[in-house]
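S.K.: Would you mind keeping the following structure in view while I ask a few things?
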Amino acid sequence: MSYRIPSQPLSLEELARRQQNVVTAGQLRARGVPSRVVTEHCRRGGPWQRMLPRVYLLQGGDPTPEQRMWAALLYAAQNGREEGGREGAVITGAAALALYGFASVPRLPAVTGVDVLVPRQRRLKDAGAVRIRRTGRELEARSVHGLACAPVARAVADAVREWTDAGAFESGAVRPALLRAMLREAVSRTDGGCGLRELVGELGEAGLLGEPRVRAAVDELLAAERESVLARIGDLVDEWLLPVPLAGPELRMPGGTYVAVPDLYWPGAAVAVAVDSDLRCVSEGEESWVRAEQHRMEFLGVRVVYVSGARVAAEPDAVGSELREAFRAGGEDVVELLVTDR
């Protein structure tokens with residue numbers, strides 16, 4: 001029979017070093033420090049100080065911004081176990097983005113409130129500058145300077161929700177330009193950002209896409225991404241020696257009935273290119289409207305090639321080959337359409 005020898009818990013000195021001198025009452029108790037000693041050490045002029053309920057700083061003087069983050073996380077993560085594990089909470093919102101190093105939000109020293117995400121069933125109240133946010137979803141954590149933070153997309157959504165709840169847009173405390181900059185930074189970071197679809201999904205999950213300023217900023221991002229994908233497809237058209245297609249032409253029946261506006265279209269071959277429908281604007285009903293256009297084109301015999309931005313990036317040669325084969329094959333039994341190059 002095999003067994004594991006239990007590892008020895010960290011000493012108080014080692015734990016304090018790991019957590020930047022911030023510890024919980026449970027962690028002190030587990031290391032043999034009596035409550036009366038903690039009380040004595042935290043008296044005026046003592047070597048320690050109480051930061052939050054059951055959270056202590058083992059030094060005098062003002063805590064650093066990082067120590068305030070540790071205190072918030074440890075306060076929210078305490079779950080009754082002696083070691084006060086940190087897996088029950090993650091820092092989110094503007095505080096998490098500051099830890100990630102976002103240039104579009106205030107730097108860490110300027111962050112006054114700390115939003116911490118905990119499971120919905122936790123019975124915990126706000127304390128000091130710590131605001132408790134609850135979720136019914138499983139917590140995900142990213143380690144940032146040793147602190148558990150929500151993934152970037154979730155942190156952004158929580159920051160935007162805090163602004164909307166506080167009326168920051170209406171009061172002018174947060175300008176639309178700052179919102180756009182934060183969203184752009186989230187999807188453009190090369191060191192731990194998030195995908196555009198992930199970000200839109202989190203904003204939608206938070207019910208924020210109904211806010212006009214948020215919707216406008218997201219639409220701007222989606223439009224820019226679509227233009228980038230179309231530009232990459234244009235490069236593939238050149239590489240595979242295909243004729244230049246029309247960009248966004250209007251297709252109508254001979255009697256004038258509107259059919260569609262495909263992203264790209266080869267009139268002679270009756271072949272259309274449709275870029276990801278989820279890169280369309282998030283305005284209500286637009287996605288279903290675009291899909292209806294695509295179905296009409298297929299019904300009339302137009303060959304529609306569906307292309308995703310992810311596939312263009314990962315498999316450009318396969319996409320180029322698919323476009324060439326579609327152009328060579330052309331549409332089938334195509335109703336003659338009137339094409340207006342807009």
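By convention here, the chains of the structure tokens are called A, B, ... in the order presented, each chain's residues are numbered starting at 1, and ligands are numbered starting at 1 in the order presented.
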Near A:Thr39, within 10 Å and counting only C-alpha atoms, which residues show up once chain neighbours fewer than 5 positions away are dropped, as a ChimeraX atom specification?

M.R.: /A:34,46,48-50

S.K.: Just to be explicit: take each residue in the selection above, keep C-alpha atoms, and write the result as a CSV table (one decimal), in the first residue's frame.

M.R.:
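Contents of again.csv, freshly written:
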```
chain,number,residue,atom,x,y,z
A,34,PRO,CA,-3.5,32.6,20.4
A,46,GLY,CA,1.5,47.6,18.4
A,48,TRP,CA,0.5,44.5,13.8
A,49,GLN,CA,-2.8,46.0,12.6
A,50,ARG,CA,-6.3,44.8,11.6
```

S.K.: Kindly provide the residues of stretch 194-261 of chain A that approach stretch 323-339 of chain A to within 8 Å, each paired with its closest atom pair and their distance in Å to one decimal, based on only C-alpha atoms, listed by chain and increasing number, as a Markdown table.

M.R.:
```
| residue | atom | partner | partner_atom | distance |
| --- | --- | --- | --- | --- |
| A:Val237 | CA | A:Leu323 | CA | 7.9 |
| A:Trp240 | CA | A:Arg324 | CA | 7.0 |
| A:Leu242 | CA | A:Arg324 | CA | 6.9 |
| A:Pro249 | CA | A:Val339 | CA | 6.5 |
| A:Glu250 | CA | A:Val339 | CA | 5.8 |
| A:Leu251 | CA | A:Val339 | CA | 4.9 |
| A:Arg252 | CA | A:Leu338 | CA | 5.1 |
| A:Met253 | CA | A:Leu337 | CA | 5.1 |
| A:Pro254 | CA | A:Leu338 | CA | 6.0 |
| A:Gly256 | CA | A:Leu338 | CA | 7.9 |
```

S.K.: Would you export the selected residues with C-alpha atoms as an mmCIF file, in the first residue's frame, please?

M.R.:
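Saved the output as selection11.cif:
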```cif
data_model
loop_
_atom_site.group_PDB
_atom_site.id
_atom_site.type_symbol
_atom_site.label_atom_id
_atom_site.label_comp_id
_atom_site.auth_asym_id
_atom_site.auth_seq_id
_atom_site.Cartn_x
_atom_site.Cartn_y
_atom_site.Cartn_z
ATOM 1 C CA VAL A 237 -7.591 36.233 -53.326
ATOM 2 C CA TRP A 240 -4.511 32.329 -55.311
ATOM 3 C CA LEU A 242 -8.471 34.960 -58.296
ATOM 4 C CA PRO A 249 -22.577 44.791 -53.483
ATOM 5 C CA GLU A 250 -26.368 44.907 -53.374
ATOM 6 C CA LEU A 251 -28.120 41.980 -55.072
ATOM 7 C CA ARG A 252 -31.684 42.271 -56.363
ATOM 8 C CA MET A 253 -34.062 40.180 -58.434
ATOM 9 C CA PRO A 254 -34.732 41.363 -62.027
ATOM 10 C CA GLY A 256 -36.146 44.899 -58.152
#
```

S.K.: Contacts of A:His145 at 10 Å or less, counting only C-alpha atoms, minus same-chain residues fewer than 5 places along, as a ChimeraX atom specification?

M.R.: /A:66,99-100

S.K.: Suppose we keep C-alpha atoms; can you now write the selection as a CSV table (one decimal), in the first residue's frame?

M.R.:
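Writing the result to out_1.csv gives the following:
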```
chain,number,residue,atom,x,y,z
A,66,GLU,CA,-0.6,45.1,-3.2
A,99,LEU,CA,-3.2,44.1,-11.5
A,100,TYR,CA,-3.1,42.8,-15.2
```

S.K.: In Å to one decimal, how far is atom CA of A:Val187 from atom CA of A:Glu220?

M.R.: 12.7 Å

S.K.: Hey, which of A:Arg18, A:Asp238, A:Val130, A:Glu198 ends up closest to A:Gly146? Count only C-alpha atoms.

M.R.: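 The shortest atom-to-atom distance to A:Gly146 comes from A:Arg18.
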
S.K.: Which residue is closest to A:Arg189? Choose from A:Gly101, A:Gly301, A:Pro316, A:Pro63 and count only C-alpha atoms.

M.R.: A:Gly101

S.K.: Where does DSSP see strand (DSSP E or B) in stretch 116-159 of chain A, if you list the residues as number ranges by chain?

M.R.: A: 116-119, 127, 130-135, 142-144, 147-149
